[in-house]
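This is coords00.pdb (PDB, C-alpha atoms and all ligand atoms).
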```
MODEL        1
ATOM      1  CA  MET A 149      -4.319  19.882 -13.920  1.00  0.00           C
ATOM      2  CA  ILE A 150      -4.213  19.774 -10.142  1.00  0.00           C
ATOM      3  CA  THR A 151      -1.067  20.994  -8.427  1.00  0.00           C
ATOM      4  CA  VAL A 152      -0.071  19.877  -4.943  1.00  0.00           C
ATOM      5  CA  ASP A 153       2.348  21.687  -2.674  1.00  0.00           C
ATOM      6  CA  ALA A 154       4.725  18.730  -2.232  1.00  0.00           C
ATOM      7  CA  ARG A 155       8.299  17.829  -1.365  1.00  0.00           C
ATOM      8  CA  PRO A 156      10.750  18.374  -3.035  1.00  0.00           C
ATOM      9  CA  ALA A 157       8.705  20.440  -5.524  1.00  0.00           C
ATOM     10  CA  PRO A 158       5.092  20.961  -6.573  1.00  0.00           C
ATOM     11  CA  PHE A 159       3.432  17.830  -8.013  1.00  0.00           C
ATOM     12  CA  SER A 160       0.968  18.287 -10.865  1.00  0.00           C
ATOM     13  CA  PHE A 161      -1.410  15.625 -12.134  1.00  0.00           C
ATOM     14  CA  ALA A 162      -4.211  15.361 -14.671  1.00  0.00           C
ATOM     15  CA  THR A 163      -7.429  13.922 -13.293  1.00  0.00           C
ATOM     16  CA  ASP A 164      -7.980  11.744 -16.375  1.00  0.00           C
ATOM     17  CA  SER A 165      -4.648   9.923 -16.019  1.00  0.00           C
ATOM     18  CA  THR A 166      -4.203   9.531 -12.264  1.00  0.00           C
ATOM     19  CA  ALA A 167      -5.258   6.796  -9.859  1.00  0.00           C
ATOM     20  CA  LEU A 168      -5.124   6.455  -6.096  1.00  0.00           C
ATOM     21  CA  LEU A 169      -3.243   3.251  -5.226  1.00  0.00           C
ATOM     22  CA  VAL A 170      -4.101   1.950  -1.748  1.00  0.00           C
ATOM     23  CA  ILE A 171      -1.574  -0.642  -0.644  1.00  0.00           C
ATOM     24  CA  ASP A 172      -2.333  -3.551   1.683  1.00  0.00           C
ATOM     25  CA  MET A 173      -4.729  -1.904   4.166  1.00  0.00           C
ATOM     26  CA  GLN A 174      -5.527  -5.416   5.381  1.00  0.00           C
ATOM     27  CA  ARG A 175      -6.571  -6.755   8.765  1.00  0.00           C
ATOM     28  CA  ASP A 176      -3.393  -8.856   8.703  1.00  0.00           C
ATOM     29  CA  PHE A 177      -1.341  -5.668   9.004  1.00  0.00           C
ATOM     30  CA  LEU A 178      -3.643  -3.291  10.887  1.00  0.00           C
ATOM     31  CA  GLU A 179      -5.384  -5.468  13.455  1.00  0.00           C
ATOM     32  CA  PRO A 180      -4.108  -7.666  16.291  1.00  0.00           C
ATOM     33  CA  GLY A 181      -3.667 -11.369  15.575  1.00  0.00           C
ATOM     34  CA  GLY A 182      -2.424 -11.033  11.999  1.00  0.00           C
ATOM     35  CA  PHE A 183       0.820 -11.200  10.071  1.00  0.00           C
ATOM     36  CA  GLY A 184       2.128  -7.812  11.224  1.00  0.00           C
ATOM     37  CA  GLU A 185       1.746  -8.669  14.881  1.00  0.00           C
ATOM     38  CA  SER A 186       3.219 -12.145  14.300  1.00  0.00           C
ATOM     39  CA  LEU A 187       6.404 -10.408  13.167  1.00  0.00           C
ATOM     40  CA  GLY A 188       6.602  -8.668  16.536  1.00  0.00           C
ATOM     41  CA  ASN A 189       5.073  -5.358  15.511  1.00  0.00           C
ATOM     42  CA  ASP A 190       2.669  -3.050  17.341  1.00  0.00           C
ATOM     43  CA  VAL A 191      -0.251  -2.656  14.939  1.00  0.00           C
ATOM     44  CA  ALA A 192      -1.364   0.529  16.702  1.00  0.00           C
ATOM     45  CA  GLN A 193       1.453   2.314  14.880  1.00  0.00           C
ATOM     46  CA  LEU A 194      -0.367   1.879  11.574  1.00  0.00           C
ATOM     47  CA  ARG A 195      -3.853   2.798  12.657  1.00  0.00           C
ATOM     48  CA  ARG A 196      -3.321   6.583  12.548  1.00  0.00           C
ATOM     49  CA  THR A 197      -3.463   6.305   8.742  1.00  0.00           C
ATOM     50  CA  ILE A 198      -7.051   5.041   8.676  1.00  0.00           C
ATOM     51  CA  GLY A 199      -8.857   8.331   9.416  1.00  0.00           C
ATOM     52  CA  PRO A 200      -6.934  10.532   6.956  1.00  0.00           C
ATOM     53  CA  LEU A 201      -7.112   7.892   4.216  1.00  0.00           C
ATOM     54  CA  ALA A 202     -10.837   7.285   4.726  1.00  0.00           C
ATOM     55  CA  ASP A 203     -11.433  11.050   4.461  1.00  0.00           C
ATOM     56  CA  PHE A 204      -9.281  11.295   1.344  1.00  0.00           C
ATOM     57  CA  MET A 205     -11.013   8.344  -0.332  1.00  0.00           C
ATOM     58  CA  VAL A 206     -14.371  10.068   0.198  1.00  0.00           C
ATOM     59  CA  LYS A 207     -13.082  13.171  -1.575  1.00  0.00           C
ATOM     60  CA  TRP A 208     -11.380  11.158  -4.333  1.00  0.00           C
ATOM     61  CA  ARG A 209     -14.516   9.130  -5.023  1.00  0.00           C
ATOM     62  CA  ALA A 210     -16.665  12.276  -4.951  1.00  0.00           C
ATOM     63  CA  ALA A 211     -14.448  13.610  -7.752  1.00  0.00           C
ATOM     64  CA  ALA A 212     -15.134  10.337  -9.654  1.00  0.00           C
ATOM     65  CA  LEU A 213     -11.444   9.437  -9.711  1.00  0.00           C
ATOM     66  CA  PRO A 214     -10.211   5.831  -9.778  1.00  0.00           C
ATOM     67  CA  ILE A 215      -8.979   3.821  -6.802  1.00  0.00           C
ATOM     68  CA  ILE A 216      -6.996   0.593  -7.064  1.00  0.00           C
ATOM     69  CA  HIS A 217      -6.500  -1.503  -3.926  1.00  0.00           C
ATOM     70  CA  THR A 218      -3.848  -4.132  -3.320  1.00  0.00           C
ATOM     71  CA  ARG A 219      -3.588  -7.030  -0.884  1.00  0.00           C
ATOM     72  CA  GLU A 220      -0.479  -8.987   0.001  1.00  0.00           C
ATOM     73  CA  GLY A 221      -1.078 -12.701   0.399  1.00  0.00           C
ATOM     74  CA  HIS A 222      -0.671 -16.223  -0.850  1.00  0.00           C
ATOM     75  CA  ARG A 223      -2.580 -19.140  -2.297  1.00  0.00           C
ATOM     76  CA  PRO A 224      -3.881 -21.627   0.275  1.00  0.00           C
ATOM     77  CA  ASP A 225      -1.310 -24.206  -0.887  1.00  0.00           C
ATOM     78  CA  LEU A 226       1.479 -21.620  -0.462  1.00  0.00           C
ATOM     79  CA  SER A 227       2.770 -22.441  -3.960  1.00  0.00           C
ATOM     80  CA  ASP A 228       3.404 -18.726  -4.572  1.00  0.00           C
ATOM     81  CA  CYS A 229       5.250 -18.166  -1.291  1.00  0.00           C
ATOM     82  CA  PRO A 230       9.015 -18.547  -1.606  1.00  0.00           C
ATOM     83  CA  PRO A 231      10.635 -20.586   1.201  1.00  0.00           C
ATOM     84  CA  ALA A 232      12.765 -17.581   2.053  1.00  0.00           C
ATOM     85  CA  LYS A 233       9.625 -15.608   2.907  1.00  0.00           C
ATOM     86  CA  LEU A 234       7.917 -18.507   4.661  1.00  0.00           C
ATOM     87  CA  THR A 235      10.737 -19.379   7.024  1.00  0.00           C
ATOM     88  CA  ARG A 236      12.447 -16.042   7.634  1.00  0.00           C
ATOM     89  CA  GLY A 237      12.683 -14.783  11.187  1.00  0.00           C
ATOM     90  CA  LYS A 238      11.078 -16.370  14.201  1.00  0.00           C
ATOM     91  CA  PRO A 239       7.476 -15.224  14.173  1.00  0.00           C
ATOM     92  CA  SER A 240       5.094 -16.685  16.695  1.00  0.00           C
ATOM     93  CA  MET A 241       2.896 -17.658  13.740  1.00  0.00           C
ATOM     94  CA  ARG A 242       4.034 -18.177  10.185  1.00  0.00           C
ATOM     95  CA  ILE A 243       2.326 -17.470   6.857  1.00  0.00           C
ATOM     96  CA  GLY A 244      -0.372 -20.093   6.400  1.00  0.00           C
ATOM     97  CA  ASP A 245      -0.668 -20.942  10.092  1.00  0.00           C
ATOM     98  CA  PRO A 246      -4.086 -20.629  11.734  1.00  0.00           C
ATOM     99  CA  GLY A 247      -4.575 -17.370  13.609  1.00  0.00           C
ATOM    100  CA  PRO A 248      -7.470 -15.559  15.264  1.00  0.00           C
ATOM    101  CA  LYS A 249      -8.477 -14.058  11.898  1.00  0.00           C
ATOM    102  CA  GLY A 250      -7.940 -17.192   9.824  1.00  0.00           C
ATOM    103  CA  ARG A 251      -4.810 -18.523   8.172  1.00  0.00           C
ATOM    104  CA  ILE A 252      -2.150 -15.828   8.222  1.00  0.00           C
ATOM    105  CA  LEU A 253      -1.759 -13.905   4.944  1.00  0.00           C
ATOM    106  CA  ILE A 254      -3.771 -16.425   2.926  1.00  0.00           C
ATOM    107  CA  ARG A 255      -6.147 -15.288   0.197  1.00  0.00           C
ATOM    108  CA  GLY A 256      -9.795 -15.755   1.069  1.00  0.00           C
ATOM    109  CA  GLU A 257      -9.220 -15.613   4.828  1.00  0.00           C
ATOM    110  CA  TYR A 258     -10.852 -12.890   6.942  1.00  0.00           C
ATOM    111  CA  GLY A 259      -7.518 -11.445   8.056  1.00  0.00           C
ATOM    112  CA  HIS A 260      -6.281 -11.156   4.485  1.00  0.00           C
ATOM    113  CA  ASP A 261      -9.071  -8.804   3.475  1.00  0.00           C
ATOM    114  CA  ILE A 262      -9.126  -5.021   3.594  1.00  0.00           C
ATOM    115  CA  ILE A 263     -10.292  -3.369   6.830  1.00  0.00           C
ATOM    116  CA  ASP A 264     -13.953  -2.378   6.946  1.00  0.00           C
ATOM    117  CA  GLU A 265     -13.168   1.336   7.226  1.00  0.00           C
ATOM    118  CA  LEU A 266     -11.493   1.332   3.797  1.00  0.00           C
ATOM    119  CA  ALA A 267     -13.459  -1.384   2.013  1.00  0.00           C
ATOM    120  CA  PRO A 268     -13.411  -1.141  -1.789  1.00  0.00           C
ATOM    121  CA  ILE A 269     -16.667  -0.193  -3.477  1.00  0.00           C
ATOM    122  CA  ASP A 270     -18.112  -1.789  -6.610  1.00  0.00           C
ATOM    123  CA  GLY A 271     -15.918  -1.250  -9.627  1.00  0.00           C
ATOM    124  CA  GLU A 272     -12.689  -0.616  -7.729  1.00  0.00           C
ATOM    125  CA  PRO A 273     -10.080  -3.248  -8.670  1.00  0.00           C
ATOM    126  CA  VAL A 274      -8.368  -5.242  -5.935  1.00  0.00           C
ATOM    127  CA  VAL A 275      -4.957  -6.538  -7.000  1.00  0.00           C
ATOM    128  CA  ASP A 276      -3.694  -9.600  -5.123  1.00  0.00           C
ATOM    129  CA  LYS A 277       0.073  -9.677  -4.933  1.00  0.00           C
ATOM    130  CA  PRO A 278       2.424 -12.325  -3.546  1.00  0.00           C
ATOM    131  CA  GLY A 279       5.293  -9.917  -3.007  1.00  0.00           C
ATOM    132  CA  LYS A 280       6.002  -6.555  -1.508  1.00  0.00           C
ATOM    133  CA  GLY A 281       5.844  -4.668  -4.793  1.00  0.00           C
ATOM    134  CA  ALA A 282       2.456  -4.287  -6.473  1.00  0.00           C
ATOM    135  CA  PHE A 283       3.826  -4.895  -9.986  1.00  0.00           C
ATOM    136  CA  TYR A 284       5.535  -8.248  -9.386  1.00  0.00           C
ATOM    137  CA  ALA A 285       3.369 -11.172 -10.586  1.00  0.00           C
ATOM    138  CA  THR A 286       0.193  -9.062 -10.803  1.00  0.00           C
ATOM    139  CA  GLU A 287      -2.089  -7.469 -13.377  1.00  0.00           C
ATOM    140  CA  LEU A 288      -1.405  -3.922 -12.129  1.00  0.00           C
ATOM    141  CA  GLN A 289       0.609  -2.804 -15.168  1.00  0.00           C
ATOM    142  CA  ASP A 290      -2.202  -3.942 -17.509  1.00  0.00           C
ATOM    143  CA  LEU A 291      -4.837  -2.210 -15.392  1.00  0.00           C
ATOM    144  CA  LEU A 292      -2.932   1.064 -15.493  1.00  0.00           C
ATOM    145  CA  ASP A 293      -2.281   0.775 -19.228  1.00  0.00           C
ATOM    146  CA  GLN A 294      -5.964   0.089 -19.930  1.00  0.00           C
ATOM    147  CA  GLY A 295      -6.984   3.096 -17.844  1.00  0.00           C
ATOM    148  CA  GLY A 296      -4.425   5.433 -19.409  1.00  0.00           C
ATOM    149  CA  ILE A 297      -2.948   6.024 -15.959  1.00  0.00           C
ATOM    150  CA  THR A 298       0.447   7.734 -15.852  1.00  0.00           C
ATOM    151  CA  SER A 299       0.449   9.193 -12.316  1.00  0.00           C
ATOM    152  CA  LEU A 300      -0.242   7.571  -8.965  1.00  0.00           C
ATOM    153  CA  LEU A 301      -1.156   8.916  -5.578  1.00  0.00           C
ATOM    154  CA  VAL A 302       0.060   6.253  -3.167  1.00  0.00           C
ATOM    155  CA  ALA A 303      -1.289   5.361   0.283  1.00  0.00           C
ATOM    156  CA  GLY A 304      -1.143   2.291   2.522  1.00  0.00           C
ATOM    157  CA  VAL A 305       1.209   0.192   4.585  1.00  0.00           C
ATOM    158  CA  THR A 306       3.973  -0.162   5.348  1.00  0.00           C
ATOM    159  CA  THR A 307       5.913   2.883   4.280  1.00  0.00           C
ATOM    160  CA  GLU A 308       9.352   1.319   4.057  1.00  0.00           C
ATOM    161  CA  VAL A 309       8.246  -2.111   2.830  1.00  0.00           C
ATOM    162  CA  CYS A 310       5.326  -2.444   0.403  1.00  0.00           C
ATOM    163  CA  VAL A 311       4.840   1.272  -0.253  1.00  0.00           C
ATOM    164  CA  HIS A 312       8.540   1.810  -0.949  1.00  0.00           C
ATOM    165  CA  THR A 313       8.900  -1.297  -3.109  1.00  0.00           C
ATOM    166  CA  THR A 314       5.852  -0.340  -5.147  1.00  0.00           C
ATOM    167  CA  VAL A 315       6.893   3.283  -5.590  1.00  0.00           C
ATOM    168  CA  ARG A 316      10.351   2.189  -6.712  1.00  0.00           C
ATOM    169  CA  GLU A 317       8.835  -0.288  -9.183  1.00  0.00           C
ATOM    170  CA  ALA A 318       6.416   2.375 -10.436  1.00  0.00           C
ATOM    171  CA  ASN A 319       9.169   4.963 -10.791  1.00  0.00           C
ATOM    172  CA  ASP A 320      11.240   2.583 -12.911  1.00  0.00           C
ATOM    173  CA  ARG A 321       8.196   1.986 -15.114  1.00  0.00           C
ATOM    174  CA  GLY A 322       7.765   5.721 -15.714  1.00  0.00           C
ATOM    175  CA  TYR A 323       4.861   6.513 -13.376  1.00  0.00           C
ATOM    176  CA  GLU A 324       4.954   9.750 -11.420  1.00  0.00           C
ATOM    177  CA  CYS A 325       4.155   8.993  -7.790  1.00  0.00           C
ATOM    178  CA  LEU A 326       2.973  11.277  -5.023  1.00  0.00           C
ATOM    179  CA  VAL A 327       3.153   9.516  -1.652  1.00  0.00           C
ATOM    180  CA  LEU A 328       0.540  10.758   0.827  1.00  0.00           C
ATOM    181  CA  ALA A 329       2.526  11.132   4.045  1.00  0.00           C
ATOM    182  CA  ASP A 330      -0.436  11.053   6.440  1.00  0.00           C
ATOM    183  CA  CYS A 331      -1.943   8.034   4.636  1.00  0.00           C
ATOM    184  CA  VAL A 332       1.119   5.764   4.752  1.00  0.00           C
ATOM    185  CA  GLY A 333       2.310   4.123   7.946  1.00  0.00           C
ATOM    186  CA  SER A 334       5.202   2.195   9.423  1.00  0.00           C
ATOM    187  CA  TYR A 335       5.514   0.109  12.586  1.00  0.00           C
ATOM    188  CA  PHE A 336       8.688   2.139  13.230  1.00  0.00           C
ATOM    189  CA  PRO A 337       8.412   5.926  13.613  1.00  0.00           C
ATOM    190  CA  GLU A 338      11.984   6.465  12.449  1.00  0.00           C
ATOM    191  CA  PHE A 339      11.387   4.376   9.318  1.00  0.00           C
ATOM    192  CA  GLN A 340       8.300   6.462   8.574  1.00  0.00           C
ATOM    193  CA  ARG A 341      10.316   9.660   8.672  1.00  0.00           C
ATOM    194  CA  VAL A 342      13.359   8.342   6.832  1.00  0.00           C
ATOM    195  CA  GLY A 343      11.245   6.366   4.361  1.00  0.00           C
ATOM    196  CA  LEU A 344       9.474   9.528   3.263  1.00  0.00           C
ATOM    197  CA  ASP A 345      12.712  11.510   3.224  1.00  0.00           C
ATOM    198  CA  MET A 346      14.290   8.874   0.946  1.00  0.00           C
ATOM    199  CA  ILE A 347      11.526   9.303  -1.642  1.00  0.00           C
ATOM    200  CA  ALA A 348      11.782  13.091  -1.793  1.00  0.00           C
ATOM    201  CA  ALA A 349      15.584  13.385  -1.452  1.00  0.00           C
ATOM    202  CA  GLN A 350      17.917  14.006  -4.382  1.00  0.00           C
ATOM    203  CA  GLY A 351      15.356  16.080  -6.239  1.00  0.00           C
ATOM    204  CA  GLY A 352      12.625  13.467  -5.750  1.00  0.00           C
ATOM    205  CA  ILE A 353      14.634  10.363  -6.622  1.00  0.00           C
ATOM    206  CA  PHE A 354      11.559   8.096  -6.406  1.00  0.00           C
ATOM    207  CA  GLY A 355       8.725  10.628  -6.313  1.00  0.00           C
ATOM    208  CA  TRP A 356       7.013  13.360  -4.361  1.00  0.00           C
ATOM    209  CA  VAL A 357       5.646  13.544  -0.786  1.00  0.00           C
ATOM    210  CA  ALA A 358       2.736  15.573   0.622  1.00  0.00           C
ATOM    211  CA  ASP A 359      -0.083  15.207   3.130  1.00  0.00           C
ATOM    212  CA  SER A 360      -3.466  14.268   1.681  1.00  0.00           C
ATOM    213  CA  THR A 361      -4.862  17.548   2.985  1.00  0.00           C
ATOM    214  CA  SER A 362      -2.548  19.365   0.550  1.00  0.00           C
ATOM    215  CA  VAL A 363      -4.320  17.845  -2.458  1.00  0.00           C
ATOM    216  CA  PRO A 364      -6.795  20.557  -3.563  1.00  0.00           C
ATOM    217  CA  LEU A 365      -9.786  18.469  -4.609  1.00  0.00           C
TER     218      LEU A 365
HETATM  219  N1  LIG A 401       6.282  -6.192   7.584  1.00  0.00           N
HETATM  220  C1  LIG A 401       6.028  -5.069   6.953  1.00  0.00           C
HETATM  221  O1  LIG A 401       6.409  -3.978   7.366  1.00  0.00           O
HETATM  222  N2  LIG A 401       5.285  -5.087   5.793  1.00  0.00           N
HETATM  223  C2  LIG A 401       4.887  -6.168   5.094  1.00  0.00           C
HETATM  224  O2  LIG A 401       5.224  -7.309   5.408  1.00  0.00           O
HETATM  225  N3  LIG A 401       4.047  -5.951   4.043  1.00  0.00           N
HETATM  226  C3  LIG A 401       3.617  -4.681   3.642  1.00  0.00           C
HETATM  227  O3  LIG A 401       4.285  -3.694   3.873  1.00  0.00           O
HETATM  228  N4  LIG A 401       2.424  -4.611   3.057  1.00  0.00           N
ENDMDL
END
```

Represent the structure contained in this file as structure tokens.
Ligand code: TIU
Amino acid sequence: MITVDARPAPFSFATDSTALLVIDMQRDFLEPGGFGESLGNDVAQLRRTIGPLADFMVKWRAAALPIIHTREGHRPDLSDCPPAKLTRGKPSMRIGDPGPKGRILIRGEYGHDIIDELAPIDGEPVVDKPGKGAFYATELQDLLDQGGITSLLVAGVTTEVCVHTTVREANDRGYECLVLADCVGSYFPEFQRVGLDMIAAQGGIFGWVADSTSVPL
């Protein structure tokens, strides 16, 4: 067992039943010209997560522990994109429109893929998801069941959107989740702070929170 000094209490996990879940570290969210920027966001806000997460992934892989990556995006014909998602707000470019990194948030496009700094290595599953949560309409539950995974360390973007939705879904399914505070990012500093507080509040209502440097690997 490994025990992490976490909020609101120490978090313990067994190395044979824990995976690192890296959510949506895609060019569309972290680089200019993608979906995140089209929604009016400053992508620079997310980029502080890249260094700590890259360092942590090196340590996690060195310990031969599993990593699962996710990507948010849609089929080229947009058949899996609900109209409510497609037309919401007034972005300068909508999902499926051509952008500098290819069609926005479309599977197979350059912008949809994971940033080079955090590229998956051979054998690491990449789960494509149409929604914010990583369990909805994906194979994630089966992957975790097959691997005997009962605990998740969670990283990625954005804290209050896809990370939160996924952690809530995971919590309801019985997974114990430790959210790595320095490896999750929001476009809004106040949402980052409150998003993490919401997870750890009420005795850890959705999970635990700690910096990646607190995980004694
Ligand atoms: N807009 C925003 O904050 N996030 C998303 O649209 N997707 C994810 O969080 N991955």

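Between CA of Val275 (chain A) and CA of His217 (chain A) the separation is 6.1 Å.
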
Residue with smallest distance to Leu326 (chain A) - pool A:Met149, A:Leu213, A:Leu168, A:Val305, counting all atoms listed in the file: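 Comparing A:Met149, A:Leu213, A:Leu168, A:Val305 against Leu326 (chain A), the winner is A:Leu168.
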
Selection within 8 Å of ligand LIG 401 (chain A) by only C-alpha atoms and all ligand atoms, output as a list of chain:residue names: A:Ile171, A:Asp172, A:Met173, A:Phe177, A:Phe183, A:Gly184, A:Leu187, A:Arg219, A:Glu220, A:Lys280, A:Gly304, A:Val305, A:Thr306, A:Thr307, A:Glu308, A:Val309, A:Cys310, A:Val311, A:Ser334, A:Tyr335

The selected residues should be written to file as a PDB file, in the frame of the given file (atoms: C-alpha atoms).
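Written output follows (part-v9.pdb):
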```
ATOM      1  CA  ILE A 171      -1.574  -0.642  -0.644  1.00  0.00           C
ATOM      2  CA  ASP A 172      -2.333  -3.551   1.683  1.00  0.00           C
ATOM      3  CA  MET A 173      -4.729  -1.904   4.166  1.00  0.00           C
ATOM      4  CA  PHE A 177      -1.341  -5.668   9.004  1.00  0.00           C
ATOM      5  CA  PHE A 183       0.820 -11.200  10.071  1.00  0.00           C
ATOM      6  CA  GLY A 184       2.128  -7.812  11.224  1.00  0.00           C
ATOM      7  CA  LEU A 187       6.404 -10.408  13.167  1.00  0.00           C
ATOM      8  CA  ARG A 219      -3.588  -7.030  -0.884  1.00  0.00           C
ATOM      9  CA  GLU A 220      -0.479  -8.987   0.001  1.00  0.00           C
ATOM     10  CA  LYS A 280       6.002  -6.555  -1.508  1.00  0.00           C
ATOM     11  CA  GLY A 304      -1.143   2.291   2.522  1.00  0.00           C
ATOM     12  CA  VAL A 305       1.209   0.192   4.585  1.00  0.00           C
ATOM     13  CA  THR A 306       3.973  -0.162   5.348  1.00  0.00           C
ATOM     14  CA  THR A 307       5.913   2.883   4.280  1.00  0.00           C
ATOM     15  CA  GLU A 308       9.352   1.319   4.057  1.00  0.00           C
ATOM     16  CA  VAL A 309       8.246  -2.111   2.830  1.00  0.00           C
ATOM     17  CA  CYS A 310       5.326  -2.444   0.403  1.00  0.00           C
ATOM     18  CA  VAL A 311       4.840   1.272  -0.253  1.00  0.00           C
ATOM     19  CA  SER A 334       5.202   2.195   9.423  1.00  0.00           C
ATOM     20  CA  TYR A 335       5.514   0.109  12.586  1.00  0.00           C
TER      21      TYR A 335
END
```

Quote the spacing between CA of Gly256 (chain A) and CA of Gly281 (chain A) in Å to one decimal place.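 The value is 20.0 Å.
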
Taking (9.0, 11.6, 0.6) in the file's coordinates as the center, which residues reach within 10 Å of it, counting only C-alpha atoms, put as a list in words?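 Selection result: Ala154, Arg155, Pro156, Thr307, His312, Leu326, Val327, Leu328, Ala329, Gln340, Arg341, Val342, Gly343, Leu344, Asp345, Met346, Ile347, Ala348, Ala349, Gly352, Ile353, Phe354, Gly355, Trp356, Val357 and Ala358 of chain A.
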
Explicit residues for the PyMOL selection byres (((chain A and resi 267) around 12) and not hetatm) (as a list in words):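 For this structure, the PyMOL selection byres (((chain A and resi 267) around 12) and not hetatm) resolves to Val170, Asp172, Met173, Gln174, Arg175, Ile198, Leu201, Ala202, Met205, Val206, Ile215, Ile216, His217, Thr218, Arg219, Asp261, Ile262, Ile263, Asp264, Glu265, Leu266, Pro268, Ile269, Asp270, Gly271, Glu272, Pro273 and Val274 of chain A.
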
At what distance in Å, to one decimal, does CA of Gly322 (chain A) lie from CA of Gln289 (chain A)? 11.1 Å

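Distances here use all atoms listed in the file; by that measure, the residue among A:Glu317, A:Glu338, A:Asp290, A:Glu185 closest to Ser240 (chain A) is A:Glu185.
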
When the PyMOL selection byres (((chain A and resi 297) around 10) and not hetatm) is applied to the structure above, which residues does it catch, written out as a PyMOL selection string? chain A and resi 162-167+214+289+291-296+298-300+323-324

May I ask which of the residues A:Glu257, A:Asp245, A:Cys331, A:Ala318 is the closest one to Ser186 (chain A), counting all atoms listed in the file? A:Asp245

List the residues selected by the PyMOL selection byres (((chain A and resi 252-255) around 8) and not hetatm) in the file shown, writing them as a list in words. Asp176, Gly182, Phe183, Glu220, Gly221, His222, Arg223, Pro224, Met241, Arg242, Ile243, Gly244, Asp245, Pro246, Gly247, Lys249, Gly250, Arg251, Gly256, Glu257, Gly259, His260 and Asp261 of chain A

Just checking: using all atoms listed in the file, which residue out of A:Gly188, A:Pro231, A:Pro200, A:Gly181 ends up closest to Gly333 (chain A)?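 Of the candidates, the smallest distance to Gly333 (chain A) is held by A:Pro200.
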
With distances taken over only C-alpha atoms, which of A:Ala285, A:Ala211, A:Leu178, A:Val332 is nearest to Asp190 (chain A)?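 Looking only at the distances to Asp190 (chain A), the closest residue turns out to be A:Leu178.
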
Which one is closest to Ser227 (chain A): A:Ala210, A:Arg321, A:Pro278, A:Gly199? Count only C-alpha atoms.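 Looking at the shortest contact to Ser227 (chain A), the residue is A:Pro278.
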
Kindly add N, CA, C and O atoms to the incomplete region 175-186 of chain A and provide the output as an mmCIF file, in the frame of the given file.
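That gives us rebuild-v8.cif:
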```
data_model
loop_
_atom_site.group_PDB
_atom_site.id
_atom_site.type_symbol
_atom_site.label_atom_id
_atom_site.label_comp_id
_atom_site.auth_asym_id
_atom_site.auth_seq_id
_atom_site.Cartn_x
_atom_site.Cartn_y
_atom_site.Cartn_z
ATOM 1 N N ARG A 175 -6.509 -6.420 7.331
ATOM 2 C CA ARG A 175 -6.571 -6.755 8.765
ATOM 3 C C ARG A 175 -5.272 -7.409 9.217
ATOM 4 O O ARG A 175 -4.840 -7.211 10.357
ATOM 5 N N ASP A 176 -4.638 -8.168 8.335
ATOM 6 C CA ASP A 176 -3.393 -8.856 8.703
ATOM 7 C C ASP A 176 -2.280 -7.885 9.097
ATOM 8 O O ASP A 176 -1.341 -8.271 9.784
ATOM 9 N N PHE A 177 -2.369 -6.641 8.639
ATOM 10 C CA PHE A 177 -1.341 -5.668 9.004
ATOM 11 C C PHE A 177 -1.822 -4.671 10.053
ATOM 12 O O PHE A 177 -1.026 -4.146 10.818
ATOM 13 N N LEU A 178 -3.131 -4.402 10.075
ATOM 14 C CA LEU A 178 -3.643 -3.291 10.887
ATOM 15 C C LEU A 178 -4.372 -3.720 12.149
ATOM 16 O O LEU A 178 -4.711 -2.869 12.971
ATOM 17 N N GLU A 179 -4.631 -5.023 12.277
ATOM 18 C CA GLU A 179 -5.384 -5.468 13.455
ATOM 19 C C GLU A 179 -4.578 -6.521 14.216
ATOM 20 O O GLU A 179 -3.752 -7.227 13.614
ATOM 21 N N PRO A 180 -4.817 -6.645 15.512
ATOM 22 C CA PRO A 180 -4.108 -7.666 16.291
ATOM 23 C C PRO A 180 -4.418 -9.066 15.771
ATOM 24 O O PRO A 180 -5.493 -9.310 15.224
ATOM 25 N N GLY A 181 -3.453 -9.977 15.923
ATOM 26 C CA GLY A 181 -3.667 -11.369 15.575
ATOM 27 C C GLY A 181 -3.320 -11.718 14.143
ATOM 28 O O GLY A 181 -3.566 -12.845 13.712
ATOM 29 N N GLY A 182 -2.747 -10.769 13.396
ATOM 30 C CA GLY A 182 -2.424 -11.033 11.999
ATOM 31 C C GLY A 182 -0.930 -11.153 11.750
ATOM 32 O O GLY A 182 -0.129 -11.344 12.679
ATOM 33 N N PHE A 183 -0.564 -11.024 10.481
ATOM 34 C CA PHE A 183 0.820 -11.200 10.071
ATOM 35 C C PHE A 183 1.736 -10.149 10.702
ATOM 36 O O PHE A 183 2.819 -10.472 11.199
ATOM 37 N N GLY A 184 1.287 -8.888 10.688
ATOM 38 C CA GLY A 184 2.128 -7.812 11.224
ATOM 39 C C GLY A 184 2.487 -8.052 12.675
ATOM 40 O O GLY A 184 3.654 -7.941 13.075
ATOM 41 N N GLU A 185 1.489 -8.419 13.462
ATOM 42 C CA GLU A 185 1.746 -8.669 14.881
ATOM 43 C C GLU A 185 2.615 -9.920 15.062
ATOM 44 O O GLU A 185 3.460 -9.977 15.958
ATOM 45 N N SER A 186 2.425 -10.912 14.181
ATOM 46 C CA SER A 186 3.219 -12.145 14.300
ATOM 47 C C SER A 186 4.699 -11.880 14.077
ATOM 48 O O SER A 186 5.548 -12.656 14.512
#
```
